[in-house]
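Printed here is input.tsv (TSV, C-alpha atoms and all ligand atoms):
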chain	number	residue	atom	x	y	z
A	985	MET	CA	6.42	-18.84	-22.25
A	986	SER	CA	6.91	-22.56	-21.67
A	987	PHE	CA	6.75	-22.39	-17.88
A	988	ALA	CA	3.26	-22.08	-16.41
A	989	LYS	CA	3.98	-19.33	-13.90
A	990	PRO	CA	6.05	-16.29	-14.92
A	991	PHE	CA	8.85	-15.38	-12.54
A	992	PHE	CA	9.78	-11.76	-11.79
A	993	GLY	CA	13.06	-11.25	-9.92
A	994	GLY	CA	14.29	-7.87	-8.68
A	995	ASN	CA	18.03	-7.71	-8.03
A	996	TRP	CA	18.74	-4.58	-6.02
A	997	LYS	CA	22.52	-5.12	-6.08
A	998	MET	CA	24.24	-2.68	-3.63
A	999	ASN	CA	21.19	-0.42	-3.35
A	1000	HIS	CA	18.41	0.08	-0.77
A	1001	GLY	CA	19.70	-0.29	2.77
A	1002	PRO	CA	17.15	-1.21	5.47
A	1003	SER	CA	15.25	2.14	5.59
A	1004	ALA	CA	15.06	2.43	1.80
A	1005	ALA	CA	13.96	-1.22	1.60
A	1006	ARG	CA	11.09	-0.51	3.99
A	1007	ARG	CA	10.00	2.56	2.00
A	1008	PHE	CA	10.16	0.54	-1.22
A	1009	VAL	CA	7.95	-2.24	0.15
A	1010	GLU	CA	5.42	0.21	1.59
A	1011	GLU	CA	5.02	1.79	-1.86
A	1012	PHE	CA	5.18	-1.46	-3.82
A	1013	VAL	CA	2.41	-3.27	-1.89
A	1014	ALA	CA	0.02	-0.47	-2.81
A	1015	LEU	CA	0.79	-0.96	-6.52
A	1016	TYR	CA	1.03	-4.74	-6.79
A	1017	GLU	CA	-1.76	-6.98	-5.49
A	1018	PRO	CA	-1.00	-10.64	-4.71
A	1019	HIS	CA	-1.35	-12.79	-7.86
A	1020	ASP	CA	-1.32	-16.57	-7.65
A	1021	ASP	CA	-0.34	-16.90	-11.33
A	1022	ARG	CA	3.18	-15.50	-10.90
A	1023	THR	CA	6.23	-15.59	-8.65
A	1024	VAL	CA	7.84	-12.36	-7.42
A	1025	VAL	CA	11.21	-12.54	-5.68
A	1026	PHE	CA	13.34	-9.65	-4.43
A	1027	PHE	CA	17.09	-9.88	-3.96
A	1028	PRO	CA	17.86	-7.05	-1.51
A	1029	PRO	CA	21.31	-6.57	-0.01
A	1030	ALA	CA	21.57	-9.16	2.79
A	1031	ILE	CA	21.63	-6.39	5.40
A	1032	SER	CA	18.13	-5.32	4.29
A	1033	LEU	CA	16.60	-8.79	4.20
A	1034	ALA	CA	15.09	-8.76	7.71
A	1035	GLU	CA	13.64	-5.26	7.20
A	1036	PHE	CA	12.26	-6.32	3.81
A	1037	ARG	CA	10.49	-9.30	5.42
A	1038	ALA	CA	9.19	-7.22	8.31
A	1039	ALA	CA	7.85	-4.52	5.95
A	1040	ALA	CA	6.21	-7.12	3.69
A	1041	GLY	CA	4.40	-8.48	6.79
A	1042	ALA	CA	1.55	-10.76	5.70
A	1043	ARG	CA	2.43	-10.32	1.99
A	1044	ASP	CA	4.19	-13.66	1.75
A	1045	ASP	CA	3.68	-13.63	-2.02
A	1046	LEU	CA	6.64	-11.21	-2.00
A	1047	GLN	CA	9.52	-13.63	-1.62
A	1048	ALA	CA	13.16	-12.83	-0.95
A	1049	GLY	CA	16.56	-14.16	-1.88
A	1050	LEU	CA	20.28	-13.57	-1.38
A	1051	GLN	CA	22.43	-11.99	-4.09
A	1052	ASP	CA	25.36	-14.28	-3.30
A	1053	VAL	CA	26.55	-16.80	-0.71
A	1054	PHE	CA	29.84	-18.33	0.38
A	1055	TRP	CA	29.81	-22.11	0.19
A	1056	GLU	CA	30.98	-22.84	3.73
A	1057	VAL	CA	28.34	-23.19	6.44
A	1058	SER	CA	30.12	-20.94	8.99
A	1059	GLY	CA	33.60	-20.01	10.13
A	1060	ALA	CA	36.40	-17.47	9.74
A	1061	TYR	CA	35.32	-15.94	6.41
A	1062	THR	CA	35.09	-12.23	7.14
A	1063	GLY	CA	32.40	-10.44	5.18
A	1064	SER	CA	30.75	-13.61	3.89
A	1065	ILE	CA	27.24	-14.97	4.32
A	1066	SER	CA	26.17	-18.61	4.12
A	1067	ALA	CA	23.01	-19.92	2.54
A	1068	GLY	CA	21.79	-21.16	5.94
A	1069	MET	CA	22.12	-17.66	7.41
A	1070	GLY	CA	20.08	-16.33	4.51
A	1071	ARG	CA	17.38	-18.94	5.11
A	1072	ASP	CA	17.29	-17.92	8.78
A	1073	ALA	CA	16.76	-14.28	7.70
A	1074	GLY	CA	13.84	-15.18	5.41
A	1075	ALA	CA	15.48	-15.97	2.05
A	1076	GLY	CA	14.01	-18.75	-0.07
A	1077	PHE	CA	16.25	-18.18	-3.10
A	1078	ALA	CA	19.85	-17.21	-3.85
A	1079	LEU	CA	21.55	-15.96	-6.99
A	1080	ALA	CA	24.73	-17.73	-8.07
A	1081	GLY	CA	27.06	-16.65	-10.84
A	1082	HIS	CA	25.62	-13.18	-11.43
A	1083	SER	CA	27.83	-11.48	-14.00
A	1084	GLU	CA	29.03	-8.92	-11.46
A	1085	ARG	CA	30.20	-11.79	-9.25
A	1086	ARG	CA	31.91	-13.42	-12.22
A	1087	HIS	CA	33.50	-10.31	-13.70
A	1088	VAL	CA	33.96	-7.84	-10.80
A	1089	PHE	CA	34.69	-10.34	-8.02
A	1090	ALA	CA	36.30	-13.03	-10.22
A	1091	ASP	CA	34.04	-15.91	-9.15
A	1092	SER	CA	35.16	-18.90	-11.23
A	1093	ASP	CA	32.94	-21.64	-12.65
A	1094	GLU	CA	34.26	-23.86	-9.85
A	1095	ASP	CA	33.35	-21.27	-7.16
A	1096	ILE	CA	29.88	-20.96	-8.65
A	1097	SER	CA	29.34	-24.70	-8.68
A	1098	ARG	CA	30.26	-24.83	-4.97
A	1099	LYS	CA	27.88	-21.97	-4.26
A	1100	VAL	CA	25.03	-23.68	-6.13
A	1101	GLY	CA	25.74	-26.87	-4.15
A	1102	ALA	CA	25.67	-24.96	-0.84
A	1103	ILE	CA	22.44	-23.14	-1.75
A	1104	VAL	CA	20.68	-26.42	-2.57
A	1105	ALA	CA	22.10	-28.14	0.53
A	1106	GLU	CA	20.42	-25.48	2.69
A	1107	GLY	CA	17.08	-25.94	0.97
A	1108	LEU	CA	17.10	-22.65	-0.96
A	1109	THR	CA	16.35	-22.40	-4.67
A	1110	PRO	CA	19.39	-21.30	-6.68
A	1111	VAL	CA	18.98	-18.90	-9.57
A	1112	LEU	CA	22.01	-19.78	-11.67
A	1113	CYS	CA	23.01	-16.86	-13.91
A	1114	VAL	CA	24.84	-17.45	-17.18
A	1115	GLY	CA	25.70	-15.18	-20.07
A	1116	GLU	CA	28.39	-14.15	-22.49
A	1117	LYS	CA	30.47	-10.97	-22.68
A	1118	LEU	CA	30.27	-8.77	-25.79
A	1119	GLU	CA	33.62	-9.96	-27.13
A	1120	GLU	CA	32.53	-13.57	-26.70
A	1121	ARG	CA	29.34	-12.85	-28.64
A	1122	GLU	CA	31.36	-11.17	-31.38
A	1123	ARG	CA	33.63	-14.22	-31.60
A	1124	GLY	CA	30.58	-16.46	-32.05
A	1125	GLU	CA	31.05	-18.10	-28.64
A	1126	VAL	CA	27.61	-17.57	-27.11
A	1127	GLU	CA	26.68	-21.23	-27.15
A	1128	SER	CA	30.03	-22.52	-25.88
A	1129	VAL	CA	30.22	-19.97	-23.04
A	1130	VAL	CA	26.66	-20.57	-21.88
A	1131	THR	CA	27.12	-24.35	-22.14
A	1132	ARG	CA	30.34	-24.24	-20.09
A	1133	GLN	CA	28.79	-22.03	-17.39
A	1134	LEU	CA	25.63	-24.10	-17.19
A	1135	GLU	CA	27.39	-27.48	-17.05
A	1136	ALA	CA	29.83	-26.24	-14.40
A	1137	GLY	CA	27.05	-24.60	-12.37
A	1138	LEU	CA	25.00	-27.79	-12.27
A	1139	SER	CA	27.92	-30.19	-11.84
A	1140	ARG	CA	27.44	-30.84	-8.12
A	1141	LEU	CA	23.68	-31.44	-8.33
A	1142	SER	CA	21.74	-34.66	-8.67
A	1143	ARG	CA	19.13	-34.93	-11.41
A	1144	GLU	CA	16.38	-34.26	-8.84
A	1145	GLN	CA	18.18	-31.15	-7.59
A	1146	VAL	CA	18.61	-29.83	-11.14
A	1147	GLU	CA	14.83	-30.11	-11.53
A	1148	GLY	CA	14.40	-27.63	-8.65
A	1149	ILE	CA	16.56	-24.78	-9.93
A	1150	VAL	CA	15.95	-21.56	-11.86
A	1151	ILE	CA	18.26	-20.38	-14.67
A	1152	ALA	CA	18.76	-16.74	-15.70
A	1153	TYR	CA	20.28	-15.95	-19.08
A	1154	GLU	CA	21.88	-12.53	-18.74
A	1155	PRO	CA	24.12	-11.44	-21.60
A	1156	VAL	CA	26.77	-9.27	-19.91
A	1157	TRP	CA	26.59	-6.61	-22.64
A	1158	ALA	CA	22.90	-6.06	-21.85
A	1159	ILE	CA	23.24	-5.64	-18.07
A	1160	GLY	CA	22.86	-2.06	-16.89
A	1161	THR	CA	23.65	-0.75	-20.37
A	1162	GLY	CA	20.16	0.00	-21.68
A	1163	ARG	CA	20.84	-2.52	-24.50
A	1164	THR	CA	18.33	-5.34	-24.37
A	1165	ALA	CA	18.76	-8.57	-26.32
A	1166	SER	CA	15.91	-8.82	-28.81
A	1167	PRO	CA	13.26	-11.33	-27.73
A	1168	GLU	CA	14.32	-13.47	-30.73
A	1169	ASP	CA	18.01	-13.39	-29.73
A	1170	ALA	CA	17.23	-14.22	-26.12
A	1171	ASP	CA	14.81	-16.92	-27.18
A	1172	ARG	CA	17.48	-18.62	-29.31
A	1173	VAL	CA	19.87	-18.84	-26.37
A	1174	HIS	CA	17.05	-20.02	-24.12
A	1175	GLU	CA	16.47	-22.85	-26.62
A	1176	VAL	CA	20.12	-23.89	-26.23
A	1177	ILE	CA	19.76	-23.84	-22.44
A	1178	ARG	CA	16.46	-25.75	-22.65
A	1179	ALA	CA	18.12	-28.46	-24.74
A	1180	LEU	CA	21.01	-28.77	-22.26
A	1181	LEU	CA	18.58	-29.05	-19.36
A	1182	GLY	CA	16.65	-31.67	-21.32
A	1183	GLU	CA	19.86	-33.71	-21.66
A	1184	GLN	CA	20.31	-33.61	-17.88
A	1185	VAL	CA	16.78	-34.24	-16.65
A	1186	GLY	CA	14.77	-35.38	-19.67
A	1187	GLU	CA	12.71	-33.22	-21.99
A	1188	THR	CA	9.53	-33.00	-19.88
A	1189	SER	CA	11.29	-32.05	-16.65
A	1190	GLY	CA	13.57	-29.68	-18.58
A	1191	ARG	CA	10.50	-27.81	-19.83
A	1192	ALA	CA	9.39	-27.18	-16.25
A	1193	ILE	CA	12.63	-25.41	-15.23
A	1194	PRO	CA	12.11	-21.64	-15.46
A	1195	ILE	CA	14.59	-19.84	-17.72
A	1196	LEU	CA	14.60	-16.10	-17.06
A	1197	TYR	CA	15.99	-13.35	-19.25
A	1198	GLY	CA	17.93	-10.47	-17.68
A	1199	GLY	CA	19.52	-7.36	-19.18
A	1200	SER	CA	17.92	-3.89	-19.23
A	1201	VAL	CA	14.38	-5.19	-18.73
A	1202	LYS	CA	11.94	-2.35	-18.09
A	1203	ALA	CA	8.22	-1.63	-18.17
A	1204	GLY	CA	8.54	-0.65	-21.84
A	1205	ASN	CA	9.90	-4.01	-23.05
A	1206	ILE	CA	8.47	-6.54	-20.59
A	1207	GLU	CA	5.44	-7.57	-22.66
A	1208	GLU	CA	7.45	-8.40	-25.79
A	1209	LEU	CA	10.00	-10.36	-23.76
A	1210	LEU	CA	7.33	-12.41	-21.98
A	1211	ALA	CA	5.68	-13.15	-25.32
A	1212	ALA	CA	8.79	-15.07	-26.49
A	1213	PRO	CA	8.08	-18.81	-26.25
A	1214	GLU	CA	11.16	-19.76	-24.20
A	1215	ILE	CA	11.26	-16.76	-21.82
A	1216	ASP	CA	9.65	-17.80	-18.54
A	1217	GLY	CA	10.27	-14.62	-16.60
A	1218	VAL	CA	12.82	-11.90	-16.00
A	1219	LEU	CA	15.60	-10.90	-13.65
A	1220	VAL	CA	15.60	-7.12	-13.36
A	1221	GLY	CA	18.35	-4.89	-11.98
A	1222	GLY	CA	18.01	-1.11	-12.42
A	1223	ALA	CA	14.27	-1.07	-13.09
A	1224	SER	CA	13.56	-3.05	-9.91
A	1225	LEU	CA	14.79	-0.16	-7.74
A	1226	ASP	CA	11.74	1.97	-8.42
A	1227	PRO	CA	8.49	0.61	-6.91
A	1228	SER	CA	6.23	2.01	-9.66
A	1229	GLU	CA	8.38	0.72	-12.52
A	1230	PHE	CA	8.83	-2.70	-10.93
A	1231	ALA	CA	5.10	-2.95	-10.14
A	1232	LEU	CA	4.36	-2.31	-13.84
A	1233	ILE	CA	6.79	-5.10	-14.74
A	1234	CYS	CA	5.33	-7.56	-12.20
A	1235	ASN	CA	1.79	-6.80	-13.36
A	1236	ALA	CA	2.70	-7.57	-16.99
A	1237	GLY	CA	2.04	-10.73	-18.94
A	1238	GLY	CA	-1.50	-11.25	-17.61
A	1239	ARG	CA	-3.30	-14.10	-19.30
B	1	LIG	C1	20.86	-7.79	-13.33
B	1	LIG	O1	21.60	-7.24	-12.55
B	1	LIG	O2	20.58	-8.99	-13.14
B	1	LIG	C2	20.32	-7.02	-14.46
B	1	LIG	C3	19.71	-7.68	-15.40
B	1	LIG	O3	20.51	-5.65	-14.45
B	1	LIG	P1	19.77	-4.55	-15.39
B	1	LIG	O4	18.30	-4.92	-15.42
B	1	LIG	O5	20.04	-3.24	-14.73
B	1	LIG	O6	20.38	-4.67	-16.74

For the file at hand, write its structure as structure tokens.
Amino acid sequence: MSFAKPFFGGNWKMNHGPSAARRFVEEFVALYEPHDDRTVVFFPPAISLAEFRAAAGARDDLQAGLQDVFWEVSGAYTGSISAGMGRDAGAGFALAGHSERRHVFADSDEDISRKVGAIVAEGLTPVLCVGEKLEERERGEVESVVTRQLEAGLSRLSREQVEGIVIAYEPVWAIGTGRTASPEDADRVHEVIRALLGEQVGETSGRAIPILYGGSVKAGNIEELLAAPEIDGVLVGGASLDPSEFALICNAGGR
């Protein structure tokens, strides 16, 4: 781990409406005590954000983020949510470029760069997700795909703004499939990302940008992933839906 404070993100995707979100938080707070040596951020569906915050009450160590935003501030964009609306509802973070946005909803690199720009403009921290599909890995394109996605995602940010972001490397073939990249494989791609960040902001500042791994993370593999030198935390989908499993994950990596 190169980053001082491990980051644990829970992406609920289209799961846990407001009542389920409240039940989750009530169970989770009993299993996870506040720790000042780690960051825990939940990405509930936007409709559950207010209930999540209300249920968390004084537990402001449990932070929240949006799963996606539209880049406009407001207007006639039915079904969309802006970063500013998320901030108003208690979000401090927002995902951009999650693989389901890229591959189910056809978000392009250009869309994602606009979203990252809008997230930063509203004072939220973007978690920019990058990662190759299986066929791209098999064609030996991991580095070129991740480089293209990263450079596009950061293209609207100043050097200072790049210093404030979080990156998540999520190989598409490992998301929701039960197939996890080995810590060594993930670490190698994280090194590529680290070098690219270093080119943009200098080596020292690049080292301080958290690079998370995502793809079938669970309680059974969290310790080995966190032990990899370039993995600064995790973005968890399926295993973040269960309070006991996610509490085990967030309690891992104690030093
Ligand atoms: C994700 O959605 O970001 C993810 C990594 O999902 P899962 O943990 O289910 O593979």

Name all residues at most 10 Å from Lys1099 in chain A (count all atoms listed in the file; drop same-chain ones fewer than 4 positions away) and give them as a list in words.
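The contact residues come out as Asp1052, Val1053, Phe1054, Trp1055, Glu1056, Ser1066, Ala1067, Ala1078, Leu1079, Ala1080, Gly1081, Asp1091, Asp1093, Glu1094, Asp1095, Ile1103, Val1104, Ala1105, Pro1110, Leu1112, Gly1137 and Arg1140 of chain A.
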
Would you mind listing what lies within 7 Å of range 987-998 of chain A as a count of residues only, with all atoms listed in the file counted and same-chain residues fewer than 5 positions away left out?
21

Contacts between ligand LIG 1 (chain B) and chain A, please, where a residue of chain A counts if it comes within 9 Å (with all atoms listed in the file); show its shortest atom pair and distance in Å to one decimal, rows by chain and ascending number, as a tab-separated table.
residue	atom	partner	partner_atom	distance
A:Gly993	CA	B:LIG1	O2	8.5
A:Gly994	CA	B:LIG1	O2	7.8
A:Asn995	CA	B:LIG1	O1	5.8
A:Trp996	CA	B:LIG1	O1	7.6
A:Lys997	CA	B:LIG1	O1	6.9
A:His1082	CA	B:LIG1	O2	6.8
A:Ser1083	CA	B:LIG1	O1	7.7
A:Glu1084	CA	B:LIG1	O1	7.7
A:Cys1113	CA	B:LIG1	O2	8.3
A:Ala1152	CA	B:LIG1	O2	8.4
A:Glu1154	CA	B:LIG1	C3	6.3
A:Pro1155	CA	B:LIG1	C3	8.5
A:Val1156	CA	B:LIG1	O6	8.5
A:Trp1157	CA	B:LIG1	O6	8.8
A:Ala1158	CA	B:LIG1	O6	5.9
A:Ile1159	CA	B:LIG1	O6	3.3
A:Gly1160	CA	B:LIG1	O6	3.6
A:Thr1161	CA	B:LIG1	O6	6.3
A:Gly1162	CA	B:LIG1	O6	6.8
A:Arg1163	CA	B:LIG1	O6	8.1
A:Thr1164	CA	B:LIG1	O6	7.9
A:Tyr1197	CA	B:LIG1	C3	7.8
A:Gly1198	CA	B:LIG1	C3	4.0
A:Gly1199	CA	B:LIG1	O6	3.7
A:Ser1200	CA	B:LIG1	O6	3.6
A:Val1201	CA	B:LIG1	O4	5.1
A:Lys1202	CA	B:LIG1	O4	7.4
A:Val1218	CA	B:LIG1	C3	8.1
A:Leu1219	CA	B:LIG1	O2	5.4
A:Val1220	CA	B:LIG1	O4	4.0
A:Gly1221	CA	B:LIG1	O3	3.4
A:Gly1222	CA	B:LIG1	O5	3.7
A:Ala1223	CA	B:LIG1	O4	6.0
A:Ser1224	CA	B:LIG1	O4	7.5

Go ahead and fit an axis-aligned box to every listed atom of range 1210-1219 of chain A plus 3 Å each side, and pass me the centre and edge lengths in Å, one decimal, as JSON.
{"center_x": 10.6, "center_y": -15.3, "center_z": -20.1, "size_x": 15.9, "size_y": 14.9, "size_z": 18.8}

Hey, which of A:Gly1190, A:Gly1049, A:Pro1213, A:Pro1227 ends up closest to Ala1170 in chain A? Count only C-alpha atoms.
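Looking at the shortest contact to Ala1170 in chain A, the residue is A:Pro1213.
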
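From CA of Leu1209 in chain A back to CA of Asp1171 in chain A, the distance works out to 8.8 Å.
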
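Distances to Arg1086 in chain A were evaluated for A:Gly1101, A:Gly1063, A:Gly1115, A:Gly1107 using all atoms listed in the file, and the minimum falls at A:Gly1115.
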
Here is a test: counting all atoms listed in the file, which residue of A:Ala1102, A:Val1057, A:Ala1165, A:Ile1177 is nearest to Gln1133 in chain A?
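Answer, going by the shortest atom-to-atom distance: A:Ile1177.
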
Show me, as a list of chain:residue names, the residues that have an atom within 12 Å of Gly1041 in chain A when counting all atoms listed in the file, minus same-chain residues fewer than 4 positions from it.
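Near Gly1041 in chain A, the qualifying residues are A:Arg1006, A:Val1009, A:Glu1010, A:Val1013, A:Ala1034, A:Glu1035, A:Phe1036, A:Arg1037, A:Asp1045, A:Leu1046, A:Gln1047, A:Gly1074.
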
What's the 10 Å shell around Arg1143 in chain A, counting only C-alpha atoms, without same-chain residues fewer than 5 positions away, as a PyMOL selection string?
chain A and resi 1138+1148+1181+1184-1186+1189

Mind dumping the selected residues with C-alpha atoms as a CSV table (one decimal), keeping the file's coordinate frame?
chain,number,residue,atom,x,y,z
A,1138,LEU,CA,25.0,-27.8,-12.3
A,1148,GLY,CA,14.4,-27.6,-8.6
A,1181,LEU,CA,18.6,-29.0,-19.4
A,1184,GLN,CA,20.3,-33.6,-17.9
A,1185,VAL,CA,16.8,-34.2,-16.6
A,1186,GLY,CA,14.8,-35.4,-19.7
A,1189,SER,CA,11.3,-32.0,-16.6

For a test of reading the model, state the distance in Å between CA of Arg1172 in chain A and CA of Val1088 in chain A, rounded to one decimal.
27.0 Å

Return range 1153-1170 of chain A, completed with N, CA, C and O atoms, as an mmCIF file, in the frame of the given file.
data_model
loop_
_atom_site.group_PDB
_atom_site.id
_atom_site.type_symbol
_atom_site.label_atom_id
_atom_site.label_comp_id
_atom_site.auth_asym_id
_atom_site.auth_seq_id
_atom_site.Cartn_x
_atom_site.Cartn_y
_atom_site.Cartn_z
ATOM 1 N N TYR A 1153 19.354 -16.299 -17.999
ATOM 2 C CA TYR A 1153 20.280 -15.950 -19.080
ATOM 3 C C TYR A 1153 20.423 -14.438 -19.092
ATOM 4 O O TYR A 1153 19.443 -13.714 -19.340
ATOM 5 N N GLU A 1154 21.635 -13.965 -18.810
ATOM 6 C CA GLU A 1154 21.880 -12.530 -18.740
ATOM 7 C C GLU A 1154 23.126 -12.197 -19.549
ATOM 8 O O GLU A 1154 24.249 -12.286 -19.022
ATOM 9 N N PRO A 1155 22.952 -11.830 -20.823
ATOM 10 C CA PRO A 1155 24.120 -11.440 -21.600
ATOM 11 C C PRO A 1155 24.787 -10.225 -20.952
ATOM 12 O O PRO A 1155 24.110 -9.236 -20.659
ATOM 13 N N VAL A 1156 26.090 -10.309 -20.701
ATOM 14 C CA VAL A 1156 26.770 -9.270 -19.910
ATOM 15 C C VAL A 1156 26.633 -7.904 -20.579
ATOM 16 O O VAL A 1156 26.467 -6.887 -19.911
ATOM 17 N N TRP A 1157 26.647 -7.882 -21.913
ATOM 18 C CA TRP A 1157 26.590 -6.610 -22.640
ATOM 19 C C TRP A 1157 25.224 -5.931 -22.525
ATOM 20 O O TRP A 1157 25.066 -4.774 -22.905
ATOM 21 N N ALA A 1158 24.238 -6.646 -21.980
ATOM 22 C CA ALA A 1158 22.900 -6.060 -21.850
ATOM 23 C C ALA A 1158 22.600 -5.635 -20.414
ATOM 24 O O ALA A 1158 21.558 -5.048 -20.146
ATOM 25 N N ILE A 1159 23.521 -5.926 -19.485
ATOM 26 C CA ILE A 1159 23.240 -5.640 -18.070
ATOM 27 C C ILE A 1159 23.625 -4.215 -17.727
ATOM 28 O O ILE A 1159 24.782 -3.835 -17.856
ATOM 29 N N GLY A 1160 22.626 -3.432 -17.326
ATOM 30 C CA GLY A 1160 22.860 -2.060 -16.890
ATOM 31 C C GLY A 1160 23.297 -1.135 -18.002
ATOM 32 O O GLY A 1160 23.769 -0.028 -17.753
ATOM 33 N N THR A 1161 23.154 -1.549 -19.261
ATOM 34 C CA THR A 1161 23.650 -0.750 -20.370
ATOM 35 C C THR A 1161 22.524 -0.087 -21.157
ATOM 36 O O THR A 1161 22.782 0.730 -22.032
ATOM 37 N N GLY A 1162 21.283 -0.499 -20.888
ATOM 38 C CA GLY A 1162 20.160 0.000 -21.680
ATOM 39 C C GLY A 1162 19.994 -0.789 -22.975
ATOM 40 O O GLY A 1162 19.035 -0.603 -23.697
ATOM 41 N N ARG A 1163 20.952 -1.683 -23.294
ATOM 42 C CA ARG A 1163 20.840 -2.520 -24.500
ATOM 43 C C ARG A 1163 20.179 -3.830 -24.134
ATOM 44 O O ARG A 1163 20.718 -4.592 -23.333
ATOM 45 N N THR A 1164 19.022 -4.082 -24.676
ATOM 46 C CA THR A 1164 18.330 -5.340 -24.370
ATOM 47 C C THR A 1164 18.558 -6.299 -25.522
ATOM 48 O O THR A 1164 18.521 -5.874 -26.678
ATOM 49 N N ALA A 1165 18.742 -7.580 -25.236
ATOM 50 C CA ALA A 1165 18.760 -8.570 -26.320
ATOM 51 C C ALA A 1165 17.359 -8.569 -26.926
ATOM 52 O O ALA A 1165 16.371 -8.378 -26.210
ATOM 53 N N SER A 1166 17.257 -8.761 -28.234
ATOM 54 C CA SER A 1166 15.910 -8.820 -28.810
ATOM 55 C C SER A 1166 15.259 -10.093 -28.285
ATOM 56 O O SER A 1166 15.953 -11.070 -27.964
ATOM 57 N N PRO A 1167 13.917 -10.104 -28.208
ATOM 58 C CA PRO A 1167 13.260 -11.330 -27.730
ATOM 59 C C PRO A 1167 13.686 -12.533 -28.562
ATOM 60 O O PRO A 1167 13.874 -13.631 -28.024
ATOM 61 N N GLU A 1168 13.930 -12.341 -29.866
ATOM 62 C CA GLU A 1168 14.320 -13.470 -30.730
ATOM 63 C C GLU A 1168 15.719 -13.970 -30.356
ATOM 64 O O GLU A 1168 15.969 -15.172 -30.266
ATOM 65 N N ASP A 1169 16.647 -13.015 -30.120
ATOM 66 C CA ASP A 1169 18.010 -13.390 -29.730
ATOM 67 C C ASP A 1169 18.012 -14.145 -28.410
ATOM 68 O O ASP A 1169 18.667 -15.180 -28.263
ATOM 69 N N ALA A 1170 17.278 -13.580 -27.438
ATOM 70 C CA ALA A 1170 17.230 -14.220 -26.120
ATOM 71 C C ALA A 1170 16.595 -15.594 -26.245
ATOM 72 O O ALA A 1170 17.091 -16.580 -25.688
#
